[in-house]
$ cat coords12.txt   # compact mmCIF, C-alpha atoms and all ligand atoms
# COMPACT_ATOMS: atom_id res chain seq x y z
CA MET A 1 0.00 0.00 0.00
CA ASN A 2 1.00 3.66 -0.29
CA GLN A 3 3.15 5.36 2.33
CA LYS A 4 2.11 8.37 4.38
CA ARG A 5 2.21 11.55 2.35
CA ASP A 6 3.67 14.72 3.75
CA THR A 7 0.48 16.72 4.17
CA LYS A 8 0.44 19.66 6.55
CA MET A 9 -2.69 18.37 8.28
CA PRO A 10 -2.99 17.19 11.89
CA ALA A 11 -4.67 13.79 12.38
CA THR A 12 -8.45 14.07 11.93
CA ILE A 13 -9.02 11.23 14.40
CA GLU A 14 -6.67 8.92 16.25
CA TRP A 15 -6.55 6.27 18.95
CA LEU A 16 -4.40 7.12 21.96
CA GLU A 17 -2.99 4.39 24.16
CA GLY A 18 -5.06 4.00 27.32
CA GLY A 19 -8.41 4.06 25.53
CA THR A 20 -8.97 7.61 24.31
CA VAL A 21 -10.00 8.78 20.84
CA ARG A 22 -8.79 12.24 19.91
CA LEU A 23 -10.54 14.11 17.12
CA ILE A 24 -10.44 17.59 15.69
CA ASP A 25 -13.58 19.52 16.65
CA GLN A 26 -14.35 20.77 13.13
CA THR A 27 -17.10 23.11 14.31
CA GLN A 28 -14.32 25.33 15.75
CA LEU A 29 -12.43 25.60 12.46
CA PRO A 30 -11.03 27.73 10.97
CA GLN A 31 -10.90 30.05 13.99
CA THR A 32 -9.23 27.56 16.33
CA LEU A 33 -7.73 24.12 16.03
CA VAL A 34 -9.25 22.32 19.01
CA PHE A 35 -8.95 18.62 19.77
CA GLU A 36 -11.63 16.72 21.65
CA ASP A 37 -10.84 13.57 23.64
CA CYS A 38 -13.55 10.90 23.81
CA THR A 39 -13.59 7.86 26.07
CA THR A 40 -17.11 6.51 25.43
CA HIS A 41 -19.11 5.59 22.35
CA GLU A 42 -21.83 8.02 23.50
CA HIS A 43 -19.27 10.81 23.36
CA ILE A 44 -18.34 9.78 19.81
CA ALA A 45 -22.04 9.77 18.84
CA ASP A 46 -22.38 13.23 20.38
CA ALA A 47 -19.45 14.39 18.23
CA ILE A 48 -20.86 12.95 15.00
CA ARG A 49 -24.35 14.53 15.30
CA PRO A 50 -23.32 18.24 15.33
CA LEU A 51 -20.52 17.60 12.75
CA LYS A 52 -17.56 17.91 15.11
CA ILE A 53 -16.39 15.00 13.01
CA ARG A 54 -18.00 14.71 9.59
CA GLY A 55 -17.47 13.53 6.04
CA ALA A 56 -18.43 9.97 5.10
CA PRO A 57 -15.11 8.12 5.60
CA ALA A 58 -14.28 10.03 8.83
CA ILE A 59 -17.73 9.20 10.22
CA GLY A 60 -16.96 5.53 9.50
CA CYS A 61 -13.62 5.77 11.35
CA ALA A 62 -15.29 7.55 14.28
CA ALA A 63 -18.00 4.88 14.52
CA ALA A 64 -15.39 2.11 14.49
CA PHE A 65 -13.44 3.87 17.24
CA GLY A 66 -16.70 4.32 19.19
CA MET A 67 -17.06 0.53 19.17
CA ALA A 68 -13.42 0.20 20.22
CA LEU A 69 -14.01 2.52 23.19
CA CYS A 70 -17.04 0.48 24.22
CA ALA A 71 -15.01 -2.74 24.15
CA TYR A 72 -11.90 -1.25 25.76
CA HIS A 73 -13.70 0.22 28.78
CA SER A 74 -16.23 -2.59 29.18
CA ARG A 75 -16.41 -4.50 32.44
CA ALA A 76 -18.19 -7.45 30.84
CA ASN A 77 -16.78 -10.72 32.10
CA THR A 78 -18.04 -12.98 29.35
CA ALA A 79 -17.64 -12.65 25.60
CA ASP A 80 -21.42 -12.84 25.16
CA ALA A 81 -21.99 -9.98 27.62
CA LEU A 82 -19.44 -7.89 25.74
CA LEU A 83 -21.16 -8.67 22.44
CA ALA A 84 -24.46 -7.45 23.94
CA GLU A 85 -22.79 -4.16 24.96
CA LEU A 86 -21.27 -3.79 21.52
CA GLU A 87 -24.67 -4.34 19.93
CA LYS A 88 -26.09 -1.46 22.01
CA ALA A 89 -23.15 0.76 21.05
CA ARG A 90 -23.71 -0.15 17.39
CA GLU A 91 -27.37 0.92 17.65
CA CYS A 92 -26.42 4.21 19.31
CA LEU A 93 -23.78 5.05 16.69
CA ALA A 94 -25.95 3.92 13.76
CA ALA A 95 -28.66 6.38 14.83
CA THR A 96 -26.41 9.45 14.48
CA ARG A 97 -26.58 10.20 10.74
CA PRO A 98 -28.43 8.25 8.03
CA THR A 99 -26.85 9.10 4.67
CA ALA A 100 -23.13 8.23 4.74
CA VAL A 101 -23.00 4.48 4.21
CA ASN A 102 -19.44 4.29 5.57
CA LEU A 103 -20.94 4.58 9.06
CA PHE A 104 -22.94 1.35 8.68
CA TRP A 105 -20.16 -0.35 6.71
CA ALA A 106 -17.65 0.31 9.51
CA LEU A 107 -20.06 -0.79 12.25
CA GLU A 108 -20.75 -4.04 10.39
CA ARG A 109 -17.05 -4.68 9.91
CA VAL A 110 -16.33 -4.24 13.62
CA MET A 111 -19.33 -6.33 14.72
CA ALA A 112 -18.31 -9.16 12.38
CA VAL A 113 -14.80 -9.19 13.86
CA ALA A 114 -16.21 -9.08 17.41
CA GLN A 115 -18.54 -12.00 16.73
CA LYS A 116 -15.76 -14.08 15.25
CA ALA A 117 -13.41 -13.29 18.15
CA ALA A 118 -16.19 -14.09 20.65
CA GLU A 119 -16.20 -17.71 19.45
CA SER A 120 -13.04 -18.12 21.54
CA GLY A 121 -15.02 -17.16 24.65
CA ASP A 122 -12.11 -14.93 25.64
CA VAL A 123 -13.15 -11.35 26.55
CA ALA A 124 -9.63 -9.94 26.21
CA HIS A 125 -9.36 -11.43 22.73
CA VAL A 126 -12.60 -9.69 21.65
CA VAL A 127 -11.38 -6.35 23.02
CA GLN A 128 -8.05 -6.69 21.26
CA ALA A 129 -9.73 -7.70 17.96
CA VAL A 130 -12.22 -4.80 18.04
CA VAL A 131 -9.57 -2.16 18.81
CA ALA A 132 -7.30 -3.61 16.10
CA GLU A 133 -10.13 -3.54 13.55
CA ALA A 134 -10.96 0.10 14.29
CA LYS A 135 -7.31 1.07 13.88
CA GLU A 136 -7.12 -0.94 10.67
CA ILE A 137 -10.23 0.77 9.22
CA THR A 138 -8.61 4.15 9.86
CA GLU A 139 -5.14 3.27 8.54
CA ASP A 140 -6.72 1.61 5.54
CA ASP A 141 -8.85 4.68 4.81
CA TYR A 142 -5.74 6.85 4.63
CA ALA A 143 -4.04 4.44 2.22
CA ARG A 144 -7.18 4.23 0.09
CA CYS A 145 -7.39 8.02 -0.13
CA VAL A 146 -3.79 8.19 -1.35
CA ALA A 147 -4.49 5.51 -3.97
CA MET A 148 -7.67 7.34 -5.04
CA GLY A 149 -5.84 10.64 -5.19
CA ASP A 150 -3.18 9.19 -7.47
CA HIS A 151 -5.76 7.57 -9.78
CA GLY A 152 -7.77 10.77 -9.94
CA ALA A 153 -4.78 13.05 -10.54
CA GLU A 154 -4.46 11.46 -13.98
CA LEU A 155 -7.74 13.17 -14.89
CA ILE A 156 -6.53 16.65 -13.89
CA PRO A 157 -4.52 18.30 -16.66
CA GLU A 158 -1.73 20.80 -15.96
CA GLY A 159 -3.09 24.29 -15.38
CA THR A 160 -6.68 23.23 -14.56
CA ASN A 161 -9.11 25.28 -12.49
CA VAL A 162 -10.92 22.68 -10.38
CA LEU A 163 -14.26 23.36 -8.71
CA THR A 164 -15.09 21.50 -5.50
CA HIS A 165 -18.14 21.52 -3.25
CA CYS A 166 -18.28 20.93 0.52
CA ASN A 167 -15.20 19.42 2.17
CA ALA A 168 -14.05 16.03 0.94
CA GLY A 169 -10.57 16.52 2.31
CA ALA A 170 -8.24 15.23 5.01
CA LEU A 171 -10.77 16.46 7.56
CA ALA A 172 -13.51 14.31 6.02
CA THR A 173 -11.39 11.15 6.02
CA ALA A 174 -8.61 9.57 8.07
CA GLY A 175 -6.37 12.04 6.21
CA TYR A 176 -5.50 13.10 2.64
CA GLY A 177 -9.09 13.24 1.42
CA THR A 178 -11.12 11.98 -1.52
CA ALA A 179 -11.85 14.92 -3.85
CA LEU A 180 -9.12 16.95 -2.13
CA GLY A 181 -6.92 13.83 -2.26
CA VAL A 182 -7.16 14.04 -6.06
CA ILE A 183 -6.27 17.73 -5.86
CA ARG A 184 -3.41 17.01 -3.37
CA SER A 185 -1.95 14.33 -5.63
CA ALA A 186 -2.11 16.58 -8.70
CA HIS A 187 -0.43 19.35 -6.68
CA LEU A 188 2.25 16.98 -5.30
CA GLN A 189 2.94 15.83 -8.87
CA GLY A 190 3.91 19.43 -9.59
CA LYS A 191 0.85 20.33 -11.65
CA LYS A 192 -0.06 23.98 -11.43
CA ILE A 193 -3.72 23.84 -10.48
CA HIS A 194 -6.11 26.28 -8.87
CA VAL A 195 -9.18 25.36 -6.83
CA TRP A 196 -12.53 27.14 -6.82
CA VAL A 197 -14.04 26.45 -3.40
CA ASP A 198 -17.85 26.54 -3.12
CA GLU A 199 -18.70 28.03 0.28
CA THR A 200 -21.33 25.27 0.76
CA ARG A 201 -24.31 26.62 2.62
CA PRO A 202 -25.75 26.07 5.10
CA LEU A 203 -22.84 24.89 7.25
CA LEU A 204 -20.03 26.35 5.13
CA GLN A 205 -17.79 23.29 4.97
CA GLY A 206 -16.17 24.85 1.88
CA ALA A 207 -15.49 28.28 3.38
CA ARG A 208 -14.45 26.95 6.79
CA LEU A 209 -12.76 23.63 6.06
CA THR A 210 -11.75 23.26 2.40
CA ALA A 211 -10.38 26.82 2.25
CA TRP A 212 -8.43 26.09 5.47
CA GLU A 213 -7.04 22.83 4.13
CA MET A 214 -5.94 24.45 0.89
CA ALA A 215 -4.19 27.21 2.85
CA GLN A 216 -2.37 24.65 5.07
CA GLU A 217 -1.18 22.88 1.94
CA GLY A 218 -0.27 25.97 -0.06
CA ILE A 219 -2.59 25.01 -2.91
CA PRO A 220 -3.90 28.11 -4.72
CA ALA A 221 -7.62 28.45 -4.02
CA THR A 222 -10.39 31.01 -4.33
CA LEU A 223 -13.56 30.94 -2.26
CA ILE A 224 -16.84 31.59 -4.09
CA CYS A 225 -20.49 31.76 -3.11
CA ASP A 226 -22.43 28.69 -4.16
CA ASN A 227 -24.29 30.72 -6.76
CA THR A 228 -21.11 31.88 -8.56
CA ALA A 229 -20.05 28.69 -10.36
CA ALA A 230 -22.44 29.07 -13.32
CA SER A 231 -21.00 32.42 -14.24
CA LEU A 232 -17.41 31.13 -13.97
CA MET A 233 -18.30 28.18 -16.18
CA ALA A 234 -19.81 30.47 -18.78
CA GLN A 235 -16.52 32.41 -18.79
CA GLY A 236 -14.51 29.19 -19.34
CA LYS A 237 -12.87 29.48 -15.94
CA ILE A 238 -13.68 26.01 -14.63
CA GLY A 239 -11.94 23.02 -16.22
CA CYS A 240 -13.55 20.26 -14.16
CA ALA A 241 -15.40 19.62 -10.91
CA VAL A 242 -14.36 17.03 -8.32
CA VAL A 243 -16.54 16.22 -5.32
CA GLY A 244 -16.82 13.47 -2.72
CA ALA A 245 -19.77 11.22 -1.93
CA ASP A 246 -21.72 10.02 1.07
CA ARG A 247 -23.28 7.06 -0.67
CA ILE A 248 -23.19 5.80 -4.24
CA ALA A 249 -25.87 3.43 -5.52
CA ALA A 250 -24.93 0.44 -7.70
CA ASN A 251 -26.10 2.37 -10.80
CA GLY A 252 -23.72 5.27 -10.09
CA ASP A 253 -26.22 7.75 -8.63
CA VAL A 254 -24.34 9.82 -6.05
CA ALA A 255 -25.56 11.28 -2.75
CA ASN A 256 -23.36 14.15 -1.62
CA LYS A 257 -23.69 17.52 0.11
CA ILE A 258 -26.75 19.53 -0.89
CA GLY A 259 -25.89 21.61 -3.96
CA THR A 260 -23.77 18.92 -5.60
CA TYR A 261 -26.56 18.07 -8.06
CA GLY A 262 -26.69 21.72 -9.11
CA VAL A 263 -22.94 21.72 -9.76
CA ALA A 264 -23.26 18.53 -11.83
CA ALA A 265 -26.18 19.94 -13.86
CA LEU A 266 -24.20 23.11 -14.58
CA CYS A 267 -21.16 21.07 -15.63
CA ASP A 268 -23.38 19.09 -18.00
CA MET A 269 -24.77 22.28 -19.52
CA HIS A 270 -21.27 23.71 -20.08
CA GLY A 271 -19.59 20.48 -21.27
CA ILE A 272 -17.32 20.31 -18.20
CA PRO A 273 -16.37 16.92 -16.71
CA PHE A 274 -17.93 16.27 -13.31
CA TYR A 275 -15.96 13.71 -11.26
CA VAL A 276 -16.81 11.96 -8.00
CA ALA A 277 -14.04 10.59 -5.77
CA ALA A 278 -14.93 8.04 -3.10
CA PRO A 279 -13.55 4.84 -1.62
CA ILE A 280 -15.28 1.59 -2.59
CA SER A 281 -16.70 1.50 0.97
CA THR A 282 -18.95 4.41 -0.09
CA VAL A 283 -20.62 2.31 -2.79
CA ASP A 284 -23.80 0.70 -1.49
CA TYR A 285 -24.22 -2.24 -3.85
CA SER A 286 -27.50 -3.15 -2.15
CA LEU A 287 -29.21 -0.07 -3.62
CA SER A 288 -30.13 -0.17 -7.30
CA SER A 289 -30.61 3.60 -7.58
CA GLY A 290 -30.13 6.85 -5.71
CA ALA A 291 -33.88 7.07 -5.02
CA GLU A 292 -33.32 4.52 -2.24
CA ILE A 293 -30.65 6.56 -0.43
CA PRO A 294 -31.92 7.99 2.88
CA ILE A 295 -31.43 11.75 2.93
CA GLU A 296 -30.73 13.40 6.27
CA GLN A 297 -32.94 16.34 7.24
CA ARG A 298 -31.29 18.74 9.66
CA SER A 299 -32.46 21.51 11.94
CA PRO A 300 -34.02 24.76 10.61
CA GLU A 301 -31.52 26.83 12.63
CA GLU A 302 -28.71 25.75 10.32
CA VAL A 303 -30.49 27.67 7.54
CA THR A 304 -31.78 30.64 9.51
CA HIS A 305 -28.51 31.33 11.34
CA LEU A 306 -25.36 32.12 9.36
CA GLY A 307 -22.37 30.36 10.85
CA LEU A 308 -22.31 27.87 13.66
CA GLN A 309 -21.67 30.17 16.58
CA THR A 310 -24.26 32.89 16.08
CA ASP A 311 -27.56 33.41 17.90
CA GLU A 312 -28.93 35.85 15.34
CA SER A 313 -31.41 34.66 12.69
CA VAL A 314 -31.28 36.21 9.22
CA ALA A 315 -34.66 34.76 8.23
CA ALA A 316 -38.13 36.23 8.60
CA ALA A 317 -39.61 34.95 11.84
CA GLY A 318 -41.83 31.90 11.41
CA VAL A 319 -40.86 31.08 7.81
CA GLU A 320 -40.95 27.39 6.98
CA ILE A 321 -37.53 25.82 6.43
CA TYR A 322 -36.41 22.89 4.28
CA ASN A 323 -32.93 21.69 5.20
CA ALA A 324 -31.98 18.49 3.41
CA ALA A 325 -28.28 17.88 4.06
CA PHE A 326 -27.67 15.94 0.84
CA ASP A 327 -28.95 15.59 -2.71
CA VAL A 328 -28.65 12.86 -5.32
CA THR A 329 -26.82 13.46 -8.58
CA PRO A 330 -28.01 11.12 -11.35
CA ALA A 331 -25.29 8.86 -12.74
CA ARG A 332 -25.74 10.26 -16.26
CA LEU A 333 -24.17 13.54 -15.11
CA VAL A 334 -21.07 11.85 -13.67
CA ALA A 335 -18.10 11.60 -16.08
CA ALA A 336 -16.16 9.18 -13.85
CA ILE A 337 -16.15 7.76 -10.34
CA ILE A 338 -12.63 7.74 -8.93
CA THR A 339 -12.10 5.01 -6.34
CA ASP A 340 -9.14 3.54 -4.50
CA ARG A 341 -9.43 0.52 -6.82
CA GLY A 342 -9.40 2.49 -10.05
CA VAL A 343 -11.60 4.79 -12.11
CA ALA A 344 -15.11 3.64 -13.09
CA ARG A 345 -16.76 5.01 -16.23
CA PRO A 346 -20.36 4.65 -17.42
CA PRO A 347 -22.26 2.40 -17.51
CA TYR A 348 -21.68 2.30 -13.75
CA GLU A 349 -23.58 -0.93 -13.06
CA GLU A 350 -20.69 -2.63 -14.85
CA GLY A 351 -17.90 -0.22 -13.97
CA LEU A 352 -18.61 -0.31 -10.23
CA ALA A 353 -19.33 -4.04 -10.20
CA ALA A 354 -15.89 -4.66 -11.71
CA LEU A 355 -14.24 -2.76 -8.82
CA ARG A 356 -16.20 -4.51 -6.07
CA GLU A 357 -14.03 -6.13 -3.35
O1 LIG B 401 -22.54 16.95 6.30
P1 LIG B 401 -21.12 16.58 6.02
O2 LIG B 401 -20.16 17.69 6.25
O3 LIG B 401 -20.72 15.30 6.73
O4 LIG B 401 -21.09 16.26 4.46
C1 LIG B 401 -19.90 15.85 3.88
C2 LIG B 401 -19.99 15.64 2.41
O5 LIG B 401 -21.01 15.79 1.80
C3 LIG B 401 -18.75 15.14 1.74
O6 LIG B 401 -18.66 15.63 0.44
C4 LIG B 401 -18.77 13.61 1.69
O7 LIG B 401 -19.04 13.07 2.95
C5 LIG B 401 -17.51 13.06 1.19
S1 LIG B 401 -16.20 13.25 2.34
C6 LIG B 401 -14.80 12.56 1.73

$ encode --input "coords12.txt" --output "structure tokens"
Amino acid sequence: MNQKRDTKMPATIEWLEGGTVRLIDQTQLPQTLVFEDCTTHEHIADAIRPLKIRGAPAIGCAAAFGMALCAYHSRANTADALLAELEKARECLAATRPTAVNLFWALERVMAVAQKAAESGDVAHVVQAVVAEAKEITEDDYARCVAMGDHGAELIPEGTNVLTHCNAGALATAGYGTALGVIRSAHLQGKKIHVWVDETRPLLQGARLTAWEMAQEGIPATLICDNTAASLMAQGKIGCAVVGADRIAANGDVANKIGTYGVAALCDMHGIPFYVAAPISTVDYSLSSGAEIPIEQRSPEEVTHLGLQTDESVAAAGVEIYNAAFDVTPARLVAAIITDRGVARPPYEEGLAALRE
């Protein structure tokens, strides 16, 4: 697998000896870089819900570490009792956010390992296996992002202006990023690229997180309002778009941050390639189309209040609010899906099936 790359980013999430999980509290960025230490799975769940840790692969890593904390601090004295506690932790973590499939994928992976280890009847063996699996999921995610980045960089020509939406970067993964991994790899290869960063209302993951990551890395970037991209495309100032994904159906339909579909539709209208970068763990082969992907609805305050830390509403009092956190981009608008196992092209039923692990 690929070695660690020299990114300027601190670890998004990590396991500390003694049974603590340290994560960056992303709601505090870019003003302050604050780390939060968690010792229970409930604490991890409480960090996932308000987006202290967010982005599909990072949510998966956090969920796996939540299970590891449950096992590590358990006082169960039989393997079966520990399995029962892990099942409760799984339910708690699974209820945090519905759209990113990596959450459920990671929980299933850890539960499967726990069940297998429990056949020995040895509690310590189950604990060791669960902690090891959570660490492996996280290390593996980093390596997969690097592989994805290198595959995707082939699609980014020298001198390209790349548009991205939301944050699919190191902060949204175990490190390196998916869409921003592609951009990082192109940059590390010496290509002179420039990134247009959609601010990404309502929670401003672009303005707060992607812009910050690009600054840490020294990658030239310009922040734009979400409604600016069409005009830039019309002026020929966007060469391609690269975004991440929260869940991809077997037919290539892509759920990602609200507004992604609009970007893809605009790219289609202007003849600009629209790429999606995601690890294979983001593909939900059980869903035949994006219509089956559950879309998270979030609180009205995220729309009425600009920024995470303000008490002041900008909306007329009493107005009804619709705040879907994600939308689904139809596969026909996606030029390629960049994965850690290679690049899939349409028709995606076949392209994605060929990459399945
Ligand atoms: O609500 P968020 O911030 O978790 O949404 C994140 C996204 O939509 C990302 O684009 C997606 O999870 C891919 S992250 C590599």

$ closest_residue --input "coords12.txt" --among "A:Arg332, A:Arg54, A:Arg201, A:Arg247" --to "Cys267 in chain A" --atoms "only C-alpha atoms"
A:Arg332

$ residues_near_point --input "coords12.txt" --point "(-32.0, 8.5, -2.5)" --cutoff "12 Å" --atoms "all atoms listed in the file" --output "ChimeraX atom specification"
/A:98-101,246-256,284,287-296,324,326-330

$ closest_atom_pairs --input "coords12.txt" --of "chain A" --to "ligand LIG 401 (chain B)" --cutoff "9 Å" --atoms "all atoms listed in the file" --output "tab-separated table"
residue	atom	partner	partner_atom	distance
A:Ile48	CA	B:LIG401	O3	8.6
A:Leu51	CA	B:LIG401	O3	6.4
A:Ile53	CA	B:LIG401	O3	7.6
A:Arg54	CA	B:LIG401	O3	4.0
A:Gly55	CA	B:LIG401	O7	3.5
A:Ala56	CA	B:LIG401	O7	3.8
A:Pro57	CA	B:LIG401	C6	5.9
A:Ala58	CA	B:LIG401	S1	7.5
A:Ile59	CA	B:LIG401	O3	7.6
A:Arg97	CA	B:LIG401	O3	8.7
A:Thr99	CA	B:LIG401	O7	8.9
A:Ala100	CA	B:LIG401	O7	6.6
A:Cys145	CA	B:LIG401	C6	8.9
A:His165	CA	B:LIG401	O6	7.0
A:Cys166	CA	B:LIG401	O6	5.3
A:Asn167	CA	B:LIG401	O6	5.4
A:Ala168	CA	B:LIG401	C6	3.6
A:Gly169	CA	B:LIG401	C6	5.8
A:Ala170	CA	B:LIG401	C6	7.8
A:Leu171	CA	B:LIG401	C6	8.1
A:Ala172	CA	B:LIG401	S1	4.7
A:Thr173	CA	B:LIG401	C6	5.7
A:Gly177	CA	B:LIG401	C6	5.8
A:Thr178	CA	B:LIG401	C6	4.9
A:Ala179	CA	B:LIG401	C6	6.7
A:Leu180	CA	B:LIG401	C6	8.2
A:Gly181	CA	B:LIG401	C6	8.9
A:Leu203	CA	B:LIG401	O2	7.7
A:Leu204	CA	B:LIG401	O2	8.7
A:Gln205	CA	B:LIG401	O2	6.2
A:Val243	CA	B:LIG401	O6	6.2
A:Gly244	CA	B:LIG401	C5	4.0
A:Ala245	CA	B:LIG401	C5	4.3
A:Asp246	CA	B:LIG401	O7	4.5
A:Arg247	CA	B:LIG401	O7	8.2
A:Ala255	CA	B:LIG401	O5	7.9
A:Asn256	CA	B:LIG401	O5	4.5
A:Lys257	CA	B:LIG401	O5	3.6
A:Ile258	CA	B:LIG401	O5	7.4
A:Thr260	CA	B:LIG401	O5	8.5
A:Ala277	CA	B:LIG401	C6	7.8
A:Ala278	CA	B:LIG401	C6	6.6
A:Pro279	CA	B:LIG401	C6	8.5
A:Thr282	CA	B:LIG401	C5	8.9
A:Glu296	CA	B:LIG401	O1	8.9
A:Ala325	CA	B:LIG401	O1	6.2
A:Phe326	CA	B:LIG401	O5	6.7

$ closest_residue --input "coords12.txt" --among "A:Lys4, A:His43, A:Lys88, A:Arg356" --to "Asp140 in chain A" --atoms "all atoms listed in the file"
A:Lys4

$ residues_around --input "coords12.txt" --residues "Glu87 in chain A" --least-positions-apart "5" --cutoff "12 Å" --atoms "only C-alpha atoms" --output "count of residues only"
18

$ closest_residue --input "coords12.txt" --among "A:Asp25, A:Pro202, A:Glu133, A:Val127" --to "Leu308 in chain A" --atoms "only C-alpha atoms"
A:Pro202

$ atom_distance --input "coords12.txt" --atom1 "CA of Met148 in chain A" --atom2 "CA of Thr339 in chain A"
5.2 Å

$ atom_distance --input "coords12.txt" --atom1 "CA of Glu158 in chain A" --atom2 "CA of Ala230 in chain A"
22.5 Å

$ closest_residue --input "coords12.txt" --among "A:Leu209, A:Ala84, A:Ala11, A:Ala186" --to "Gln26 in chain A" --atoms "all atoms listed in the file"
A:Leu209

$ atom_distance --input "coords12.txt" --atom1 "CA of Asn161 in chain A" --atom2 "CA of Cys240 in chain A"
6.9 Å

$ closest_residue --input "coords12.txt" --among "A:Ala147, A:Leu103, A:Val131, A:Leu355" --to "Glu17 in chain A" --atoms "only C-alpha atoms"
A:Val131

$ closest_residue --input "coords12.txt" --among "A:Lys116, A:Lys52, A:Arg22, A:Lys191" --to "Thr160 in chain A" --atoms "only C-alpha atoms"
A:Lys191

$ residues_around --input "coords12.txt" --residues "Ala134 in chain A" --least-positions-apart "4" --cutoff "9 Å" --atoms "all atoms listed in the file" --output "mmCIF file with C-alpha atoms, in the frame of the given file"
data_model
loop_
_atom_site.group_PDB
_atom_site.id
_atom_site.type_symbol
_atom_site.label_atom_id
_atom_site.label_comp_id
_atom_site.auth_asym_id
_atom_site.auth_seq_id
_atom_site.Cartn_x
_atom_site.Cartn_y
_atom_site.Cartn_z
ATOM 1 C CA TRP A 15 -6.550 6.270 18.950
ATOM 2 C CA CYS A 61 -13.620 5.770 11.350
ATOM 3 C CA ALA A 62 -15.290 7.550 14.280
ATOM 4 C CA ALA A 63 -18.000 4.880 14.520
ATOM 5 C CA ALA A 64 -15.390 2.110 14.490
ATOM 6 C CA PHE A 65 -13.440 3.870 17.240
ATOM 7 C CA GLY A 66 -16.700 4.320 19.190
ATOM 8 C CA MET A 67 -17.060 0.530 19.170
ATOM 9 C CA ALA A 68 -13.420 0.200 20.220
ATOM 10 C CA ALA A 106 -17.650 0.310 9.510
ATOM 11 C CA ARG A 109 -17.050 -4.680 9.910
ATOM 12 C CA VAL A 110 -16.330 -4.240 13.620
ATOM 13 C CA ALA A 129 -9.730 -7.700 17.960
ATOM 14 C CA VAL A 130 -12.220 -4.800 18.040
ATOM 15 C CA THR A 138 -8.610 4.150 9.860
ATOM 16 C CA GLU A 139 -5.140 3.270 8.540
#

$ axis_aligned_box --input "coords12.txt" --around "range 37-48 of chain A" --padding-each-side "6 Å" --output "AutoDock Vina command-line options"
--center_x -16.6 --center_y 10.0 --center_z 20.5 --size_x 23.5 --size_y 20.8 --size_z 23.1

$ residues_around --input "coords12.txt" --residues "Arg184 in chain A" --least-positions-apart "6" --cutoff "10 Å" --atoms "all atoms listed in the file" --output "CSV table (one decimal) with C-alpha atoms, in the coordinates of the input"
chain,number,residue,atom,x,y,z
A,5,ARG,CA,2.2,11.6,2.4
A,7,THR,CA,0.5,16.7,4.2
A,146,VAL,CA,-3.8,8.2,-1.4
A,149,GLY,CA,-5.8,10.6,-5.2
A,150,ASP,CA,-3.2,9.2,-7.5
A,153,ALA,CA,-4.8,13.0,-10.5
A,169,GLY,CA,-10.6,16.5,2.3
A,170,ALA,CA,-8.2,15.2,5.0
A,176,TYR,CA,-5.5,13.1,2.6
A,177,GLY,CA,-9.1,13.2,1.4
A,178,THR,CA,-11.1,12.0,-1.5
A,190,GLY,CA,3.9,19.4,-9.6
A,191,LYS,CA,0.8,20.3,-11.6
A,193,ILE,CA,-3.7,23.8,-10.5
A,214,MET,CA,-5.9,24.4,0.9
A,217,GLU,CA,-1.2,22.9,1.9
A,219,ILE,CA,-2.6,25.0,-2.9

$ residues_near_point --input "coords12.txt" --point "(-21.0, 28.2, -13.8)" --cutoff "10 Å" --atoms "only C-alpha atoms" --output "list in words"
Leu163, Asp226, Asn227, Thr228, Ala229, Ala230, Ser231, Leu232, Met233, Ala234, Gln235, Gly236, Lys237, Ile238, Gly262, Val263, Ala265, Leu266, Cys267, Met269, His270 and Ile272 of chain A

$ residues_around --input "coords12.txt" --residues "Gln31 in chain A" --least-positions-apart "2" --cutoff "12 Å" --atoms "only C-alpha atoms" --output "list of chain:residue names"
A:Asp25, A:Gln26, A:Thr27, A:Gln28, A:Leu29, A:Leu33, A:Val34, A:Ala207, A:Arg208, A:Leu209, A:Trp212, A:Gly307, A:Leu308, A:Gln309

$ residues_around --input "coords12.txt" --residues "Pro273 in chain A" --least-positions-apart "6" --cutoff "10 Å" --atoms "all atoms listed in the file" --output "PyMOL selection string"
chain A and resi 155+238-242+264+267+333-336

$ decode --input "coords12.txt" --residues "range 57-63 of chain A" --atoms "N, CA and C atoms" --output "PDB file, in the first residue's frame"
ATOM      1  N   PRO A  57     -16.109   9.072   5.085  1.00  0.00           N
ATOM      2  CA  PRO A  57     -15.109   8.124   5.603  1.00  0.00           C
ATOM      3  C   PRO A  57     -14.724   8.414   7.061  1.00  0.00           C
ATOM      4  N   ALA A  58     -14.645   9.696   7.439  1.00  0.00           N
ATOM      5  CA  ALA A  58     -14.281  10.030   8.828  1.00  0.00           C
ATOM      6  C   ALA A  58     -15.373   9.583   9.800  1.00  0.00           C
ATOM      7  N   ILE A  59     -16.620   9.675   9.372  1.00  0.00           N
ATOM      8  CA  ILE A  59     -17.725   9.204  10.222  1.00  0.00           C
ATOM      9  C   ILE A  59     -17.581   7.691  10.441  1.00  0.00           C
ATOM     10  N   GLY A  60     -17.186   6.976   9.374  1.00  0.00           N
ATOM     11  CA  GLY A  60     -16.964   5.529   9.503  1.00  0.00           C
ATOM     12  C   GLY A  60     -15.852   5.232  10.508  1.00  0.00           C
ATOM     13  N   CYS A  61     -14.745   5.971  10.410  1.00  0.00           N
ATOM     14  CA  CYS A  61     -13.617   5.767  11.347  1.00  0.00           C
ATOM     15  C   CYS A  61     -14.078   6.070  12.778  1.00  0.00           C
ATOM     16  N   ALA A  62     -14.828   7.161  12.933  1.00  0.00           N
ATOM     17  CA  ALA A  62     -15.286   7.553  14.277  1.00  0.00           C
ATOM     18  C   ALA A  62     -16.193   6.468  14.862  1.00  0.00           C
ATOM     19  N   ALA A  63     -17.083   5.931  14.038  1.00  0.00           N
ATOM     20  CA  ALA A  63     -17.995   4.883  14.522  1.00  0.00           C
ATOM     21  C   ALA A  63     -17.209   3.651  14.950  1.00  0.00           C
TER      22      ALA A  63
END
